[in-house]
Structure formats: C-alpha cells, structure tokens
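Everything below belongs to structure.cif, which stores mmCIF, C-alpha atoms, pLDDT in the B column; chains and numbers go by the auth columns.
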data_structure
#
loop_
_atom_site.group_PDB
_atom_site.id
_atom_site.type_symbol
_atom_site.label_atom_id
_atom_site.label_comp_id
_atom_site.label_asym_id
_atom_site.label_seq_id
_atom_site.Cartn_x
_atom_site.Cartn_y
_atom_site.Cartn_z
_atom_site.B_iso_or_equiv
_atom_site.auth_seq_id
_atom_site.auth_asym_id
ATOM 1 C CA MET A 1 -14.057 14.114 10.000 65.00 11 A
ATOM 2 C CA GLU A 2 -17.762 14.774 9.447 66.00 12 A
ATOM 3 C CA ALA A 3 -17.288 14.338 5.702 65.00 13 A
ATOM 4 C CA LEU A 4 -15.555 11.016 6.324 68.00 14 A
ATOM 5 C CA HIS A 5 -18.409 9.687 8.456 64.00 15 A
ATOM 6 C CA ALA A 6 -20.948 10.837 5.863 72.00 16 A
ATOM 7 C CA ASP A 7 -19.098 9.126 2.963 75.00 17 A
ATOM 8 C CA PRO A 8 -20.793 5.777 2.151 72.00 18 A
ATOM 9 C CA ARG A 9 -17.613 4.545 0.399 82.00 19 A
ATOM 10 C CA VAL A 10 -15.723 4.402 3.702 81.00 20 A
ATOM 11 C CA PRO A 11 -17.173 2.239 6.524 77.00 21 A
ATOM 12 C CA LYS A 12 -16.637 2.996 10.186 78.00 22 A
ATOM 13 C CA LEU A 13 -13.351 1.630 11.528 79.00 23 A
ATOM 14 C CA THR A 14 -14.285 -0.643 14.432 73.00 24 A
ATOM 15 C CA SER A 15 -12.157 -2.348 17.062 72.00 25 A
ATOM 16 C CA LYS A 16 -12.863 -5.702 15.352 72.00 26 A
ATOM 17 C CA VAL A 17 -10.362 -4.859 12.594 74.00 27 A
ATOM 18 C CA LYS A 18 -7.269 -7.037 13.016 76.00 28 A
ATOM 19 C CA ARG A 19 -3.628 -6.156 13.482 73.00 29 A
ATOM 20 C CA VAL A 20 -0.991 -7.447 11.109 74.00 30 A
ATOM 21 C CA LYS A 21 2.378 -8.919 12.083 73.00 31 A
ATOM 22 C CA LEU A 22 5.099 -6.669 10.738 70.00 32 A
ATOM 23 C CA SER A 23 8.259 -8.313 9.411 68.00 33 A
ATOM 24 C CA ARG A 24 11.814 -6.989 9.604 69.00 34 A
ATOM 25 C CA PRO A 25 12.560 -4.089 7.248 65.00 35 A
ATOM 26 C CA GLY A 26 14.882 -4.565 4.283 70.00 36 A
ATOM 27 C CA LYS A 27 18.110 -2.671 3.730 79.00 37 A
ATOM 28 C CA ARG A 28 17.420 -1.015 0.359 89.00 38 A
ATOM 29 C CA VAL A 29 15.290 2.118 0.656 91.00 39 A
ATOM 30 C CA VAL A 30 14.086 5.080 -1.376 92.00 40 A
ATOM 31 C CA LYS A 31 14.485 8.319 0.588 93.00 41 A
ATOM 32 C CA ASP A 32 11.837 11.016 0.412 92.00 42 A
ATOM 33 C CA ARG A 33 13.373 14.137 1.896 93.00 43 A
ATOM 34 C CA ARG A 34 10.178 16.224 1.506 93.00 44 A
ATOM 35 C CA SER A 35 8.146 13.952 3.770 92.00 45 A
ATOM 36 C CA GLY A 36 11.018 12.682 5.920 93.00 46 A
ATOM 37 C CA LEU A 37 10.252 9.030 5.120 94.00 47 A
ATOM 38 C CA ALA A 38 12.252 6.110 3.750 93.00 48 A
ATOM 39 C CA VAL A 39 10.293 3.360 1.965 93.00 49 A
ATOM 40 C CA PRO A 40 11.592 -0.021 0.847 93.00 50 A
ATOM 41 C CA LYS A 41 12.931 -0.208 -2.683 94.00 51 A
ATOM 42 C CA LEU A 42 10.874 -3.057 -4.071 92.00 52 A
ATOM 43 C CA SER A 43 12.465 -5.657 -6.349 91.00 53 A
ATOM 44 C CA ARG A 44 11.447 -6.516 -9.898 92.00 54 A
ATOM 45 C CA PRO A 45 8.906 -6.236 -11.443 94.00 55 A
ATOM 46 C CA TRP A 46 8.538 -2.966 -9.477 95.00 56 A
ATOM 47 C CA LYS A 47 10.416 -0.014 -10.957 94.00 57 A
ATOM 48 C CA SER A 48 10.873 3.666 -10.151 92.00 58 A
ATOM 49 C CA TYR A 49 8.813 5.984 -12.285 86.00 59 A
ATOM 50 C CA GLY A 50 8.244 9.731 -12.704 86.00 60 A
ATOM 51 C CA ALA A 51 6.941 10.762 -9.324 81.00 61 A
ATOM 52 C CA ALA A 52 4.725 13.781 -10.105 85.00 62 A
ATOM 53 C CA PRO A 53 2.413 14.698 -8.397 87.00 63 A
ATOM 54 C CA PHE A 54 4.025 12.645 -5.595 92.00 64 A
ATOM 55 C CA THR A 55 7.574 12.834 -4.224 94.00 65 A
ATOM 56 C CA THR A 56 8.591 9.214 -4.947 95.00 66 A
ATOM 57 C CA LYS A 57 6.833 6.583 -7.022 95.00 67 A
ATOM 58 C CA GLN A 58 7.395 2.892 -7.764 96.00 68 A
ATOM 59 C CA VAL A 59 5.046 1.042 -10.126 95.00 69 A
ATOM 60 C CA LEU A 60 4.252 -2.459 -11.331 95.00 70 A
ATOM 61 C CA PRO A 61 3.936 -3.144 -15.075 92.00 71 A
ATOM 62 C CA LEU A 62 0.499 -2.408 -16.478 88.00 72 A
ATOM 63 C CA LYS A 63 -1.831 -5.442 -16.392 81.00 73 A
ATOM 64 C CA GLY A 64 -5.166 -4.741 -17.970 78.00 74 A
ATOM 65 C CA ARG A 65 -6.131 -1.162 -17.210 82.00 75 A
ATOM 66 C CA LEU A 66 -4.774 -1.127 -13.668 84.00 76 A
ATOM 67 C CA ARG A 67 -1.309 -0.847 -12.190 89.00 77 A
ATOM 68 C CA GLY A 68 0.099 -1.297 -8.733 94.00 78 A
ATOM 69 C CA MET A 69 1.923 1.676 -7.257 95.00 79 A
ATOM 70 C CA LEU A 70 3.811 2.798 -4.172 96.00 80 A
ATOM 71 C CA VAL A 71 4.039 6.536 -3.590 96.00 81 A
ATOM 72 C CA THR A 72 5.182 8.898 -0.865 96.00 82 A
ATOM 73 C CA CYS A 73 4.501 12.580 -0.319 95.00 83 A
ATOM 74 C CA PRO A 74 3.764 15.068 2.431 95.00 84 A
ATOM 75 C CA LEU A 75 0.224 14.481 3.723 95.00 85 A
ATOM 76 C CA PRO A 76 -2.043 15.870 0.933 93.00 86 A
ATOM 77 C CA ILE A 77 -4.959 16.531 3.293 92.00 87 A
ATOM 78 C CA MET A 78 -5.349 18.567 6.443 92.00 88 A
ATOM 79 C CA GLU A 79 -3.635 16.946 9.421 92.00 89 A
ATOM 80 C CA GLN A 80 -6.028 15.780 12.139 93.00 90 A
ATOM 81 C CA LYS A 81 -5.523 15.696 15.912 92.00 91 A
ATOM 82 C CA SER A 82 -4.653 11.996 15.914 93.00 92 A
ATOM 83 C CA PRO A 83 -2.553 10.000 13.408 94.00 93 A
ATOM 84 C CA ARG A 84 -5.427 7.480 13.211 94.00 94 A
ATOM 85 C CA ASP A 85 -7.862 10.149 12.013 94.00 95 A
ATOM 86 C CA SER A 86 -5.299 11.474 9.529 95.00 96 A
ATOM 87 C CA ALA A 87 -4.824 7.940 8.191 95.00 97 A
ATOM 88 C CA LEU A 88 -8.594 7.458 7.839 95.00 98 A
ATOM 89 C CA LEU A 89 -8.926 10.657 5.824 95.00 99 A
ATOM 90 C CA ALA A 90 -5.863 9.715 3.767 95.00 100 A
ATOM 91 C CA ALA A 91 -7.445 6.340 2.933 95.00 101 A
ATOM 92 C CA ARG A 92 -10.551 8.173 1.747 94.00 102 A
ATOM 93 C CA TRP A 93 -8.330 10.506 -0.319 94.00 103 A
ATOM 94 C CA THR A 94 -6.702 7.475 -2.024 94.00 104 A
ATOM 95 C CA LEU A 95 -10.052 6.615 -3.598 93.00 105 A
ATOM 96 C CA ASN A 96 -9.137 9.358 -6.105 90.00 106 A
ATOM 97 C CA HIS A 97 -6.491 6.919 -7.410 89.00 107 A
ATOM 98 C CA HIS A 98 -8.874 3.989 -7.875 89.00 108 A
ATOM 99 C CA PRO A 99 -11.610 3.482 -10.489 89.00 109 A
ATOM 100 C CA LYS A 100 -14.910 5.302 -10.063 90.00 110 A
ATOM 101 C CA GLY A 101 -17.367 3.666 -7.675 91.00 111 A
ATOM 102 C CA ALA A 102 -14.645 2.250 -5.412 93.00 112 A
ATOM 103 C CA ARG A 103 -15.554 1.288 -1.830 95.00 113 A
ATOM 104 C CA ILE A 104 -13.293 0.454 1.105 95.00 114 A
ATOM 105 C CA SER A 105 -13.423 -2.475 3.548 95.00 115 A
ATOM 106 C CA TRP A 106 -10.878 -2.569 6.388 95.00 116 A
ATOM 107 C CA LEU A 107 -8.375 -5.423 6.772 95.00 117 A
ATOM 108 C CA ALA A 108 -5.939 -4.083 9.405 94.00 118 A
ATOM 109 C CA SER A 109 -5.433 -1.014 11.565 94.00 119 A
ATOM 110 C CA GLN A 110 -2.670 -0.358 14.067 93.00 120 A
ATOM 111 C CA PRO A 111 -0.239 2.207 15.396 92.00 121 A
ATOM 112 C CA VAL A 112 3.285 2.272 13.987 91.00 122 A
ATOM 113 C CA LYS A 113 6.272 4.212 15.237 88.00 123 A
ATOM 114 C CA SER A 114 5.377 7.927 14.923 89.00 124 A
ATOM 115 C CA GLY A 115 2.080 7.271 13.126 94.00 125 A
ATOM 116 C CA TRP A 116 -0.752 4.977 12.047 95.00 126 A
ATOM 117 C CA MET A 117 -1.181 2.254 9.423 95.00 127 A
ATOM 118 C CA LEU A 118 -4.325 1.043 7.643 96.00 128 A
ATOM 119 C CA ILE A 119 -4.576 -1.902 5.245 96.00 129 A
ATOM 120 C CA TYR A 120 -7.782 -2.208 3.269 96.00 130 A
ATOM 121 C CA ARG A 121 -9.545 -3.745 0.274 96.00 131 A
ATOM 122 C CA VAL A 122 -10.895 -1.460 -2.426 96.00 132 A
ATOM 123 C CA LYS A 123 -13.790 -2.969 -4.388 96.00 133 A
ATOM 124 C CA TYR A 124 -14.888 -1.499 -7.726 92.00 134 A
ATOM 125 C CA GLY A 125 -17.317 -3.461 -9.864 91.00 135 A
ATOM 126 C CA LYS A 126 -16.162 -7.087 -10.170 93.00 136 A
ATOM 127 C CA ARG A 127 -12.529 -6.186 -9.446 93.00 137 A
ATOM 128 C CA SER A 128 -10.670 -5.212 -6.310 95.00 138 A
ATOM 129 C CA SER A 129 -7.314 -4.025 -5.026 95.00 139 A
ATOM 130 C CA ARG A 130 -5.472 -4.305 -1.754 96.00 140 A
ATOM 131 C CA ALA A 131 -4.041 -1.068 -0.455 97.00 141 A
ATOM 132 C CA ALA A 132 -2.400 0.505 2.565 97.00 142 A
ATOM 133 C CA VAL A 133 -1.743 3.983 3.859 97.00 143 A
ATOM 134 C CA VAL A 134 0.751 4.914 6.530 96.00 144 A
ATOM 135 C CA VAL A 135 0.754 8.398 8.001 96.00 145 A
ATOM 136 C CA MET A 136 3.990 9.006 9.876 95.00 146 A
ATOM 137 C CA ASP A 137 5.608 12.071 11.432 93.00 147 A
ATOM 138 C CA GLY A 138 8.878 12.453 9.521 87.00 148 A
ATOM 139 C CA GLY A 139 9.931 15.590 11.361 85.00 149 A
ATOM 140 C CA MET A 140 8.774 17.933 8.588 89.00 150 A
ATOM 141 C CA SER A 141 6.092 20.631 8.712 89.00 151 A
ATOM 142 C CA LYS A 142 3.473 18.039 7.679 93.00 152 A
ATOM 143 C CA PRO A 143 3.433 14.287 8.357 95.00 153 A
ATOM 144 C CA GLY A 144 4.483 11.999 5.531 95.00 154 A
ATOM 145 C CA LEU A 145 2.133 9.693 3.645 96.00 155 A
ATOM 146 C CA ALA A 146 3.052 6.351 2.092 96.00 156 A
ATOM 147 C CA PHE A 147 0.362 4.783 -0.087 97.00 157 A
ATOM 148 C CA VAL A 148 0.601 1.403 -1.810 97.00 158 A
ATOM 149 C CA THR A 149 -2.049 -0.298 -3.926 96.00 159 A
ATOM 150 C CA VAL A 150 -1.963 -3.557 -5.893 96.00 160 A
ATOM 151 C CA PRO A 151 -4.888 -4.694 -8.100 95.00 161 A
ATOM 152 C CA ASP A 152 -6.230 -8.257 -8.023 94.00 162 A
ATOM 153 C CA THR A 153 -4.786 -8.806 -11.517 93.00 163 A
ATOM 154 C CA GLN A 154 -1.386 -8.787 -9.751 94.00 164 A
ATOM 155 C CA ARG A 155 -2.428 -10.509 -6.520 91.00 165 A
ATOM 156 C CA ASN A 156 0.882 -12.393 -6.398 94.00 166 A
ATOM 157 C CA ARG A 157 2.387 -8.999 -5.356 94.00 167 A
ATOM 158 C CA TRP A 158 -0.038 -8.442 -2.437 93.00 168 A
ATOM 159 C CA ARG A 159 2.697 -9.585 -0.056 91.00 169 A
ATOM 160 C CA ASP A 160 4.632 -6.445 -1.041 93.00 170 A
ATOM 161 C CA ILE A 161 2.038 -4.359 0.825 94.00 171 A
ATOM 162 C CA THR A 162 3.113 -5.882 4.147 91.00 172 A
ATOM 163 C CA ARG A 163 6.742 -5.496 3.094 91.00 173 A
ATOM 164 C CA VAL A 164 6.157 -1.766 2.534 93.00 174 A
ATOM 165 C CA VAL A 165 4.366 -1.064 5.818 92.00 175 A
ATOM 166 C CA SER A 166 6.965 -3.119 7.715 90.00 176 A
ATOM 167 C CA GLY A 167 9.918 -1.369 6.086 91.00 177 A
ATOM 168 C CA LEU A 168 8.677 2.210 6.268 92.00 178 A
ATOM 169 C CA ARG A 169 10.701 4.392 8.596 91.00 179 A
ATOM 170 C CA VAL A 170 11.567 7.988 9.398 92.00 180 A
ATOM 171 C CA LEU A 171 14.741 9.403 7.859 87.00 181 A
ATOM 172 C CA GLY A 172 17.504 10.374 10.214 70.00 182 A
#
For this file, write the structure as structure tokens.
Amino acid sequence: MEALHADPRVPKLTSKVKRVKLSRPGKRVVKDRRSGLAVPKLSRPWKSYGAAPFTTKQVLPLKGRLRGMLVTCPLPIMEQKSPRDSALLAARWTLNHHPKGARISWLASQPVKSGWMLIYRVKYGKRSSRAAVVVMDGGMSKPGLAFVTVPDTQRNRWRDITRVVSGLRVLG
C-alpha cells in the first residue's frame, strides 16, 4: 500500500467519492471458472475475443488507437487485508492497460457483495477513458478481478460500465 500512496498517478480515495446506483443484472453471462465470477455478456458492438493473458475478454471495435475492453481473471496482484485496498491496487495495476502518462480520478467507490467496486476516469494527454474494477471473492484461492474500460472515442458505451458492475456476480 505504500507504493500506492507514493504513486502520483493515483490520488487518495476520500469519503467524498460518490456511490452509484446499481441496476438489475441481465440474464446472459460469461462464466469465468478460474476466478469464480460471472460477468454480463454485452450486446453488439461488443464481442468475445482471445482472452490471453486474461481468463475472459470482450472488446469493442477499434476506434482510433484505443479500444474498450472487459476482462476477468484471478487477482493479478497480491491480495490485501481489505477488498477496498485490493481494489485500489488493482485500479493502479490497470494503468498498465492505458496509454503512457495516464492518471486516475475517482468517480465512485462502494462495497458490493463479497468485494469492492471502483469507477474512475483515466486521463492521458487530451483523451480520457472511463473504467471500473471490481474485486470479488469468487470462492477460489485468490479473489476475482473484473476490469472494464471504455475510451472517450466510444463514450456512447460508457453506460455499459454500470451494466457490468451491476451484473457481476459469484458463480454458484
């Protein structure tokens, strides 16, 4: 956690960050048996794509040099004592999947069943993306991670981020 607090790309998460109203989950899901999570299967223009290095992956068509994606996998970082801290470190880890020089600003933070959810804006140069991470205990040896990001070139799909965090659930 010391590295997180020392990273200028990730601001401190304060209590002023809002909560988001979660809608009802959809019926169609993609099951990730390695992380123990089920994520919503998003409708067109989203499509499933080769998952490596993740367990599942759905992507938007390429617009410019950036593409929206939804991935799941077992938590790729060391689990922390609280799901909130694990989610914070996971959000920092997701900067590896954004352009160089990316910085985070928090939009929402709240507990979810068996875990924690963060929604944030990632700013890089003149462009930005909206993203979310959910760290959830799926009953496996490590918690599961769901990460979704949508660039501003596809801002009409930003509503899918809330759809993902609302529809995420534990398998079983």
Please write the residues picked by the PyMOL selection byres ((chain A and resi 67-83) around 9) on this file as an MDAnalysis selection string. chainID A and resid 42 44:45 47:49 51:52 54:66 84:86 108:109 139 153:161 163:164 167 171 174
Go ahead and compute the interatomic distance for CA of Lys152 in chain A and CA of Pro121 in chain A, in Å to one decimal.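 These two atoms are separated by 18.0 Å.
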What are the centre and the three edge lengths of an axis-aligned box that wraps all atoms of range 44-55 of chain A in the file, given that 3 Å is added to every side, written as JSON and rounded to one decimal in Å?
{"center_x": 10.5, "center_y": 4.9, "center_z": -2.8, "size_x": 10.8, "size_y": 28.7, "size_z": 23.4}
Residue IDs satisfying the PyMOL selection byres ((chain A and resi 129-135) around 7), as JSON, numbers by chain: {"A": [109, 111, 112, 113, 114, 115, 116, 117, 118, 119, 127, 128, 136, 137, 138, 139, 140, 141, 142, 143]}
Write the residues you've just listed into a file as a compact mmCIF listing (two decimals), in the frame of the given file, and include C-alpha atoms for each of them.
# COMPACT_ATOMS: atom_id res chain seq x y z
CA PRO A 109 -11.61 3.48 -10.49
CA GLY A 111 -17.37 3.67 -7.68
CA ALA A 112 -14.64 2.25 -5.41
CA ARG A 113 -15.55 1.29 -1.83
CA ILE A 114 -13.29 0.45 1.10
CA SER A 115 -13.42 -2.48 3.55
CA TRP A 116 -10.88 -2.57 6.39
CA LEU A 117 -8.38 -5.42 6.77
CA ALA A 118 -5.94 -4.08 9.40
CA SER A 119 -5.43 -1.01 11.56
CA MET A 127 -1.18 2.25 9.42
CA LEU A 128 -4.32 1.04 7.64
CA LYS A 136 -16.16 -7.09 -10.17
CA ARG A 137 -12.53 -6.19 -9.45
CA SER A 138 -10.67 -5.21 -6.31
CA SER A 139 -7.31 -4.03 -5.03
CA ARG A 140 -5.47 -4.30 -1.75
CA ALA A 141 -4.04 -1.07 -0.46
CA ALA A 142 -2.40 0.50 2.56
CA VAL A 143 -1.74 3.98 3.86
Which residue of A:Leu181, A:Pro21, A:Pro93, A:Lys28 approaches Val145 in chain A most closely, using all atoms listed in the file: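 Of A:Leu181, A:Pro21, A:Pro93, A:Lys28, the one nearest Val145 in chain A, counting all atoms listed in the file, is A:Pro93.
Distances here use all atoms listed in the file; by that measure, the residue among A:Asp17, A:Val175, A:Asp147, A:Val27 closest to Glu89 in chain A is A:Asp147.
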How many Å separate CA of Pro18 in chain A from CA of Lys31 in chain A? 29.2 Å
Residue list as an NGL selection string for point (-6.5, 9.9, 14.6), cut-off 12 Å, all atoms listed in the file: :A and (11 or 23 or 88-100 or 119-121 or 125-128 or 144-146)
As an exercise, work out the distance from CA of Thr104 in chain A to CA of Thr172 in chain A in Å and give it to one decimal place.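 CA of Thr172 in chain A lies 17.7 Å from CA of Thr104 in chain A.
Of the listed residues (A:Ala101, A:Met150, A:Asn166, A:Lys123), A:Met150 comes nearest to Arg43 in chain A; the distances count all atoms listed in the file.
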